[in-house]
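Report on the following structure.
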Amino acid sequence: MPASVGDRIRVGSRVGEIVEVLGPKGNPPYTVRFDGGEEETVFPLPDEVEIVEE
């Protein structure tokens, strides 16, 4: 699922903002800053992630 820096995504039960897209053409992996403040690189499968509209 292509995404862009600034998109908010849900990965499992956590929500955060994409701060870096590391894959080609907007695809994973992504560096995500989760709402709790932690930042990590995630490699979600297409059925494990969704863009959050807020």
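Each chain in the structure tokens gets a letter, A, B, ..., in the order shown, and its residues are numbered from 1; ligands are numbered from 1 in order too.
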
Could you name the residues that touch range 11-17 of chain A at 10 Å or less, counting only C-alpha atoms, but leaving out those on the same chain fewer than 5 positions away, as a list in words? Ser4, Val5, Gly6, Tyr30, Thr31, Val32, Arg33, Phe34, Asp35, Gly36, Gly37, Glu38, Glu39, Val42, Phe43, Pro44, Leu45, Asp47, Glu48, Val49, Glu50, Ile51 and Val52 of chain A

Strand (DSSP E or B) per DSSP on the backbone: members of chain A, as number ranges by chain: A: 8-11, 14-21, 30-34, 39-42, 49-51

Using N, CA and C atoms, can you export the residues from the last selection as a PDB file, in the first residue's frame?
ATOM      1  N   ARG A   8      -1.019   9.380   8.331  1.00  0.00           N
ATOM      2  CA  ARG A   8      -1.210   8.691   9.614  1.00  0.00           C
ATOM      3  C   ARG A   8      -1.691   7.285   9.292  1.00  0.00           C
ATOM      4  N   ILE A   9      -1.039   6.314   9.913  1.00  0.00           N
ATOM      5  CA  ILE A   9      -1.387   4.927   9.639  1.00  0.00           C
ATOM      6  C   ILE A   9      -1.640   4.169  10.929  1.00  0.00           C
ATOM      7  N   ARG A  10      -2.412   3.104  10.791  1.00  0.00           N
ATOM      8  CA  ARG A  10      -2.644   2.173  11.882  1.00  0.00           C
ATOM      9  C   ARG A  10      -1.903   0.891  11.517  1.00  0.00           C
ATOM     10  N   VAL A  11      -1.045   0.458  12.434  1.00  0.00           N
ATOM     11  CA  VAL A  11      -0.325  -0.801  12.279  1.00  0.00           C
ATOM     12  C   VAL A  11      -0.699  -1.647  13.485  1.00  0.00           C
ATOM     13  N   ARG A  14      -1.689   0.089  16.943  1.00  0.00           N
ATOM     14  CA  ARG A  14      -1.004   1.368  17.156  1.00  0.00           C
ATOM     15  C   ARG A  14      -1.213   2.315  15.980  1.00  0.00           C
ATOM     16  N   VAL A  15      -1.263   3.615  16.286  1.00  0.00           N
ATOM     17  CA  VAL A  15      -1.444   4.660  15.273  1.00  0.00           C
ATOM     18  C   VAL A  15      -0.262   5.600  15.355  1.00  0.00           C
ATOM     19  N   GLY A  16       0.220   6.022  14.191  1.00  0.00           N
ATOM     20  CA  GLY A  16       1.327   6.959  14.170  1.00  0.00           C
ATOM     21  C   GLY A  16       1.424   7.669  12.830  1.00  0.00           C
ATOM     22  N   GLU A  17       2.438   8.531  12.714  1.00  0.00           N
ATOM     23  CA  GLU A  17       2.659   9.321  11.511  1.00  0.00           C
ATOM     24  C   GLU A  17       3.910   8.820  10.798  1.00  0.00           C
ATOM     25  N   ILE A  18       3.812   8.665   9.493  1.00  0.00           N
ATOM     26  CA  ILE A  18       4.976   8.271   8.709  1.00  0.00           C
ATOM     27  C   ILE A  18       5.922   9.458   8.629  1.00  0.00           C
ATOM     28  N   VAL A  19       7.162   9.250   9.053  1.00  0.00           N
ATOM     29  CA  VAL A  19       8.160  10.317   8.997  1.00  0.00           C
ATOM     30  C   VAL A  19       9.194  10.068   7.899  1.00  0.00           C
ATOM     31  N   GLU A  20       9.214   8.837   7.366  1.00  0.00           N
ATOM     32  CA  GLU A  20      10.115   8.526   6.265  1.00  0.00           C
ATOM     33  C   GLU A  20       9.595   7.291   5.536  1.00  0.00           C
ATOM     34  N   VAL A  21       9.611   7.361   4.208  1.00  0.00           N
ATOM     35  CA  VAL A  21       9.243   6.220   3.373  1.00  0.00           C
ATOM     36  C   VAL A  21      10.543   5.651   2.816  1.00  0.00           C
ATOM     37  N   TYR A  30       8.446   1.730   6.325  1.00  0.00           N
ATOM     38  CA  TYR A  30       8.221   3.113   6.751  1.00  0.00           C
ATOM     39  C   TYR A  30       8.856   3.325   8.116  1.00  0.00           C
ATOM     40  N   THR A  31       9.377   4.534   8.331  1.00  0.00           N
ATOM     41  CA  THR A  31       9.720   4.944   9.686  1.00  0.00           C
ATOM     42  C   THR A  31       8.503   5.676  10.217  1.00  0.00           C
ATOM     43  N   VAL A  32       7.984   5.204  11.355  1.00  0.00           N
ATOM     44  CA  VAL A  32       6.736   5.720  11.913  1.00  0.00           C
ATOM     45  C   VAL A  32       7.000   6.246  13.324  1.00  0.00           C
ATOM     46  N   ARG A  33       6.475   7.450  13.601  1.00  0.00           N
ATOM     47  CA  ARG A  33       6.476   7.985  14.964  1.00  0.00           C
ATOM     48  C   ARG A  33       5.088   7.727  15.523  1.00  0.00           C
ATOM     49  N   PHE A  34       5.030   6.779  16.447  1.00  0.00           N
ATOM     50  CA  PHE A  34       3.745   6.399  17.025  1.00  0.00           C
ATOM     51  C   PHE A  34       3.299   7.430  18.044  1.00  0.00           C
ATOM     52  N   GLU A  39       9.598   5.836  17.949  1.00  0.00           N
ATOM     53  CA  GLU A  39       9.780   5.854  16.511  1.00  0.00           C
ATOM     54  C   GLU A  39      10.446   4.544  16.107  1.00  0.00           C
ATOM     55  N   GLU A  40       9.916   3.902  15.086  1.00  0.00           N
ATOM     56  CA  GLU A  40      10.531   2.659  14.633  1.00  0.00           C
ATOM     57  C   GLU A  40      10.253   2.432  13.159  1.00  0.00           C
ATOM     58  N   THR A  41      11.079   1.605  12.559  1.00  0.00           N
ATOM     59  CA  THR A  41      10.890   1.213  11.174  1.00  0.00           C
ATOM     60  C   THR A  41       9.972   0.000  11.156  1.00  0.00           C
ATOM     61  N   VAL A  42       8.923   0.084  10.351  1.00  0.00           N
ATOM     62  CA  VAL A  42       7.964  -1.016  10.273  1.00  0.00           C
ATOM     63  C   VAL A  42       7.925  -1.561   8.848  1.00  0.00           C
ATOM     64  N   VAL A  49      -1.908  -2.907   7.643  1.00  0.00           N
ATOM     65  CA  VAL A  49      -1.767  -1.455   7.767  1.00  0.00           C
ATOM     66  C   VAL A  49      -2.916  -0.759   7.050  1.00  0.00           C
ATOM     67  N   GLU A  50      -3.314   0.389   7.582  1.00  0.00           N
ATOM     68  CA  GLU A  50      -4.343   1.203   6.924  1.00  0.00           C
ATOM     69  C   GLU A  50      -4.060   2.680   7.175  1.00  0.00           C
ATOM     70  N   ILE A  51      -4.405   3.501   6.191  1.00  0.00           N
ATOM     71  CA  ILE A  51      -4.285   4.952   6.340  1.00  0.00           C
ATOM     72  C   ILE A  51      -5.443   5.403   7.234  1.00  0.00           C
TER      73      ILE A  51
END
